[in-house]
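Heads up, the thing below is written out as structure tokens.
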Amino acid sequence: MKERTGISSFLFDRFLPIGSVVVVILAAWYAFAVFMNAQFELDQAARANTEISATQLVKNTMAQERPVLPAPHQVANEIWKTTALKKITSKRSLVYHSWVTISSTLLGFVMGTGLGILLAVLIVHSNVLDKSLMPWIITSQTIPILAVAPMIIVVLNAVGISGLLPKSLISAYLSFFPVAVGMVKGLRSPDLMHLDLMRTYNASRSQIFWKLRWPSAVPFLFTSMKVAVAISLVGAIVGELPTGAVAGLGARLLTGSYYGQTIQIWSALIAAAALAAVLVMLVDLASRIVSGRMGMVR
Amino acid sequence: MSVVIDAKELDLTFQTNDGPVHALSDINLQIESGEFVSFIGPSGCGKTTLLRVIADLEKPTGGLISVNGVTPEEARLARAYGYVFQAAALYPWRTIGGNISLPLEVMGFGKSERAERIEKNLDLVNLTGFDKKFPWQLSGGMQQRASIARALSFDPDMLLMDEPFGALDEIVRDHLNEQLLKLWAQTQKTVVFVTHSIPEAVFLSTKIVVMSPRPGRIHEIIDCDLGDDRSLDIRESAKFLEIAHLVREGLRLGHSYDD
């Protein structure tokens, strides 16, 4: 096949396939919106003892104030109103709420990654810790985070810690796991020949770590960081739910559901998804830069 | 000439799930300084294991062995040898220069000394100017040459080579054999070389150790006095063919060709 370049490459290799999927999703979304919201319109018409035409029905289903499923353009409109048209300091600004969530996501992600790496280093260098820590690490993830999150928030609040840190701790609690597991695998990934080579040089443990184990583990680190950053965001949102809906995307979801503001819920959801995508892309970018420096990009 | 490797009644038995495996049995061998000694035999004859015992990568279960007059462990701690593996085993995240620098960094050489040695050893293996390239940018033969440069970089007395050219095609292998002989003549190092190629062993060695399997043991030690100045042409000489025949006979008598 001939290699496409420049604009035509972007058009055919990226825009066209991705665009088609988006069109299909939007079409399905509209169809569902009509289907889900139709009953309400039919009930309204029945109550008023009037007939409603099919075109009017479809039109109405896409313009309800509290639809079961809001239409895409309603969500887009809401996002536009709450980002571009609001001051970012406003409590109604989605940018403000996103920022609140991002800051605890990133703090939790950094803490979780650090903890994950630390645990992996300990596990790889000690058989005792390998046997004793690993089961606990796995158990920690079998506990439903929705059950643990409120307790962490409440307990920390009782000792006077509130705000960013408790939420970040929940992010860290979730994100250390993929990093720990990935890094254990990564730090053990050097093959026997590379380890034997270090032995022939009479290298010390720390030399073997910094010159062999750590660089071998870098690809594993970035892969697990991609998972970790996405679940950090989930952790931050979950952590915002029990705080009494003060701020953050989680708070938007919660207040939205209190007042049946489905459009608000969906716009917060879309914002969260977009944030997650951006965060994963940033980690991916960092990964490309680092592997380029390590000569791993061909 | 002094004895650098001295093995007496050396035994090594691996305990496996299928019972004990006699990898080495009653090995008696002396290697003198400056010699080029090849271990040849079929797979399972213990030739790689014997090399790994010399390198202190395996511990013998019986008998005595000394390297440079001390135990293999003391010799390893004194960095007496450079080891070349079957694969080049270059670290993919380091450039060729970075790979040659690796043992030097581990051993604490200063920066300018490292740069000097990288250049010198790249010249030695005819890879001048390749220090900034990454391993994947080099052919298999060039990678193996870089790994030889790495083994030589800290100037050890001995070079231990475990089928270093086994994965390369014959044309590249011939070329590298010739280069290795030149390098040996230049550096005067003791070389212990594991191979399963008869022509390679005869072409390179001053002494050929024929080994046989189950249990791994030395069948015969053949002197290979083809002189110092060897070119690829000597492989058609009568003397070369005679020694090759001796090695093949030795392998046959050692049951290497049995099913």
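Residue numbers start at 1 in each chain; chains themselves are named A, B, ... in the order of the structure tokens; ligands are numbered from 1 in the order shown.
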
Practice item. Kindly determine which residues of chain A lie within 9 Å of chain B, considering only C-alpha atoms, and give the answer as number ranges by chain. Key: A: 193-194, 196-204, 207-208, 211-212, 215-216, 291, 293-296, 298

Those same residues, written as an mmCIF file, in the first residue's frame with N, CA and C atoms?
```cif
data_model
loop_
_atom_site.group_PDB
_atom_site.id
_atom_site.type_symbol
_atom_site.label_atom_id
_atom_site.label_comp_id
_atom_site.auth_asym_id
_atom_site.auth_seq_id
_atom_site.Cartn_x
_atom_site.Cartn_y
_atom_site.Cartn_z
ATOM 1 N N MET A 193 21.138 -13.231 31.195
ATOM 2 C CA MET A 193 22.441 -12.879 30.629
ATOM 3 C C MET A 193 22.874 -11.482 31.090
ATOM 4 N N HIS A 194 21.906 -10.542 31.100
ATOM 5 C CA HIS A 194 22.229 -9.186 31.543
ATOM 6 C C HIS A 194 22.614 -9.169 33.026
ATOM 7 N N ASP A 196 23.882 -11.843 34.697
ATOM 8 C CA ASP A 196 25.185 -12.514 34.781
ATOM 9 C C ASP A 196 26.317 -11.553 34.434
ATOM 10 N N LEU A 197 26.057 -10.730 33.420
ATOM 11 C CA LEU A 197 27.066 -9.764 32.986
ATOM 12 C C LEU A 197 27.457 -8.859 34.153
ATOM 13 N N MET A 198 26.438 -8.354 34.878
ATOM 14 C CA MET A 198 26.707 -7.496 36.028
ATOM 15 C C MET A 198 27.504 -8.244 37.097
ATOM 16 N N ARG A 199 27.198 -9.568 37.222
ATOM 17 C CA ARG A 199 27.906 -10.377 38.202
ATOM 18 C C ARG A 199 29.381 -10.509 37.833
ATOM 19 N N THR A 200 29.656 -10.670 36.520
ATOM 20 C CA THR A 200 31.064 -10.786 36.122
ATOM 21 C C THR A 200 31.818 -9.481 36.423
ATOM 22 N N TYR A 201 31.097 -8.365 36.453
ATOM 23 C CA TYR A 201 31.758 -7.085 36.781
ATOM 24 C C TYR A 201 31.845 -6.883 38.284
ATOM 25 N N ASN A 202 31.288 -7.829 39.053
ATOM 26 C CA ASN A 202 31.251 -7.678 40.496
ATOM 27 C C ASN A 202 30.525 -6.394 40.894
ATOM 28 N N ALA A 203 29.370 -6.151 40.237
ATOM 29 C CA ALA A 203 28.611 -4.933 40.505
ATOM 30 C C ALA A 203 27.856 -5.051 41.827
ATOM 31 N N SER A 204 27.691 -3.921 42.515
ATOM 32 C CA SER A 204 26.965 -3.920 43.779
ATOM 33 C C SER A 204 25.463 -3.947 43.502
ATOM 34 N N GLN A 207 24.279 -0.719 42.094
ATOM 35 C CA GLN A 207 24.681 -0.554 40.691
ATOM 36 C C GLN A 207 23.786 -1.384 39.776
ATOM 37 N N ILE A 208 23.484 -2.619 40.202
ATOM 38 C CA ILE A 208 22.602 -3.464 39.396
ATOM 39 C C ILE A 208 21.234 -2.794 39.277
ATOM 40 N N LYS A 211 21.697 0.650 37.072
ATOM 41 C CA LYS A 211 22.194 0.498 35.709
ATOM 42 C C LYS A 211 21.453 -0.579 34.923
ATOM 43 N N LEU A 212 20.739 -1.463 35.617
ATOM 44 C CA LEU A 212 20.057 -2.532 34.881
ATOM 45 C C LEU A 212 18.560 -2.605 35.199
ATOM 46 N N PRO A 215 16.395 0.928 34.404
ATOM 47 C CA PRO A 215 16.119 1.182 32.986
ATOM 48 C C PRO A 215 15.272 0.097 32.321
ATOM 49 N N SER A 216 15.441 -1.176 32.743
ATOM 50 C CA SER A 216 14.596 -2.229 32.145
ATOM 51 C C SER A 216 13.141 -2.037 32.516
ATOM 52 N N SER A 291 11.330 7.216 26.097
ATOM 53 C CA SER A 291 11.839 6.071 25.338
ATOM 54 C C SER A 291 12.649 6.533 24.128
ATOM 55 N N ARG A 293 14.692 9.103 24.261
ATOM 56 C CA ARG A 293 16.017 9.351 24.842
ATOM 57 C C ARG A 293 16.758 8.057 25.128
ATOM 58 N N MET A 294 15.991 6.982 25.416
ATOM 59 C CA MET A 294 16.619 5.706 25.724
ATOM 60 C C MET A 294 16.858 4.872 24.473
ATOM 61 N N GLY A 295 16.692 5.493 23.317
ATOM 62 C CA GLY A 295 17.000 4.811 22.067
ATOM 63 C C GLY A 295 16.019 3.732 21.700
ATOM 64 N N MET A 296 14.790 3.800 22.270
ATOM 65 C CA MET A 296 13.863 2.708 22.020
ATOM 66 C C MET A 296 12.850 3.044 20.934
ATOM 67 N N ARG A 298 12.276 3.602 17.090
ATOM 68 C CA ARG A 298 13.029 3.301 15.877
ATOM 69 C C ARG A 298 12.608 4.202 14.742
#
```

Review point. Between B:Leu127, B:Val192, B:Leu168, B:Leu181, which is the closest to B:Glu35 once you count only C-alpha atoms?
Key: B:Val192

Closest pair table for stretch 178-238 of chain B residues within 10 Å of stretch 8-14 of chain B, only C-alpha atoms, as JSON lines:
```
{"residue": "B:Pro215", "atom": "CA", "partner": "B:Thr13", "partner_atom": "CA", "distance": 9.4}
{"residue": "B:Gly216", "atom": "CA", "partner": "B:Leu12", "partner_atom": "CA", "distance": 9.1}
{"residue": "B:Arg217", "atom": "CA", "partner": "B:Asp11", "partner_atom": "CA", "distance": 9.2}
```

Can you write out the residues you just picked, keeping C-alpha atoms, as a PDB file, in the first residue's frame?
```pdb
ATOM      1  CA  PRO B 215      28.182 -37.170  32.229  1.00  0.00           C
ATOM      2  CA  GLY B 216      29.947 -34.094  30.861  1.00  0.00           C
ATOM      3  CA  ARG B 217      33.664 -34.916  30.771  1.00  0.00           C
TER       4      ARG B 217
END
```

Exercise for review: Run DSSP on the backbone of this structure and report the residues of stretch 5-53 of chain B it assigns to alpha helix (DSSP H), as a list in words.
Suggested key: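 Alpha helix (DSSP H) assignments inside stretch 5-53 of chain B correspond to Lys47, Thr48, Thr49, Leu50, Leu51, Arg52 and Val53 of chain B.
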
Using only N, CA and C atoms, please write the residues we just selected to a file, as a PDB file, in the first residue's frame.
```pdb
ATOM      1  N   LYS B  47      30.318 -28.004  28.243  1.00  0.00           N
ATOM      2  CA  LYS B  47      31.354 -27.031  27.879  1.00  0.00           C
ATOM      3  C   LYS B  47      31.030 -25.630  28.381  1.00  0.00           C
ATOM      4  N   THR B  48      29.752 -25.242  28.244  1.00  0.00           N
ATOM      5  CA  THR B  48      29.360 -23.927  28.761  1.00  0.00           C
ATOM      6  C   THR B  48      29.411 -23.911  30.290  1.00  0.00           C
ATOM      7  N   THR B  49      29.003 -25.022  30.899  1.00  0.00           N
ATOM      8  CA  THR B  49      29.036 -25.112  32.365  1.00  0.00           C
ATOM      9  C   THR B  49      30.462 -24.965  32.885  1.00  0.00           C
ATOM     10  N   LEU B  50      31.407 -25.614  32.191  1.00  0.00           N
ATOM     11  CA  LEU B  50      32.805 -25.500  32.627  1.00  0.00           C
ATOM     12  C   LEU B  50      33.281 -24.052  32.544  1.00  0.00           C
ATOM     13  N   LEU B  51      32.886 -23.382  31.467  1.00  0.00           N
ATOM     14  CA  LEU B  51      33.261 -21.972  31.326  1.00  0.00           C
ATOM     15  C   LEU B  51      32.642 -21.134  32.446  1.00  0.00           C
ATOM     16  N   ARG B  52      31.393 -21.456  32.778  1.00  0.00           N
ATOM     17  CA  ARG B  52      30.707 -20.708  33.840  1.00  0.00           C
ATOM     18  C   ARG B  52      31.312 -20.989  35.212  1.00  0.00           C
ATOM     19  N   VAL B  53      31.866 -22.201  35.392  1.00  0.00           N
ATOM     20  CA  VAL B  53      32.559 -22.494  36.653  1.00  0.00           C
ATOM     21  C   VAL B  53      33.826 -21.639  36.751  1.00  0.00           C
TER      22      VAL B  53
END
```

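For the pair atom CA of A:Ser267 and atom CA of A:Ser98, the separation is 11.3 Å.
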
Review point. With distances taken over only C-alpha atoms, which of B:Leu251, B:Ser205, B:Glu163, B:Leu64 is nearest to B:Gly227?
Key: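 Among B:Leu251, B:Ser205, B:Glu163, B:Leu64, it is B:Ser205 that comes nearest to B:Gly227.
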
Review point. Could you name the residues that touch A:Ala236 at 9 Å or less, counting only C-alpha atoms, but leaving out those on the same chain fewer than 6 positions away, as a list in words?
Key: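 Surrounding residues, per the criterion: Thr101, Ile102, Ser104, Thr105, Gly108, Lys167, Ser168, Leu169, Ile170, Ser171, Gly248, Leu249 and Gly250 of chain A.
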
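Nearest residue to B:Cys224 among B:Arg145, B:Lys239, B:Lys207, B:Lys59 is B:Lys207, counting only C-alpha atoms.
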
Exercise for review: Take atom CA of B:Glu32 and atom CA of B:Asp6 and report the distance between them in Å, one decimal.
Suggested key: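 So the answer is 8.8 Å.
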
Check your understanding: Among stretch 86-234 of chain B, which ones does DSSP place in strand (DSSP E or B), written as a VMD selection string?
Key -> chain B and resid 158 to 162 190 to 195 207 to 212 217 to 223

Practice item. For each of A:Ser175, A:Gln261, A:Ser126, A:Ser189, take the minimum atom-to-atom distance to A:Phe220, counting only C-alpha atoms, then give the residue where this is smallest. Key: A:Ser189

Practice item. Find the residue from A:Ile25, A:Ala277, A:Ile237, A:Leu133 that sits nearest to A:Leu118; use only C-alpha atoms when measuring. Key: A:Leu133

Check your understanding: In Å, with one decimal, what is the gap from atom CA of A:Ala27 to atom CA of A:Ala71?
Key -> 10.2 Å
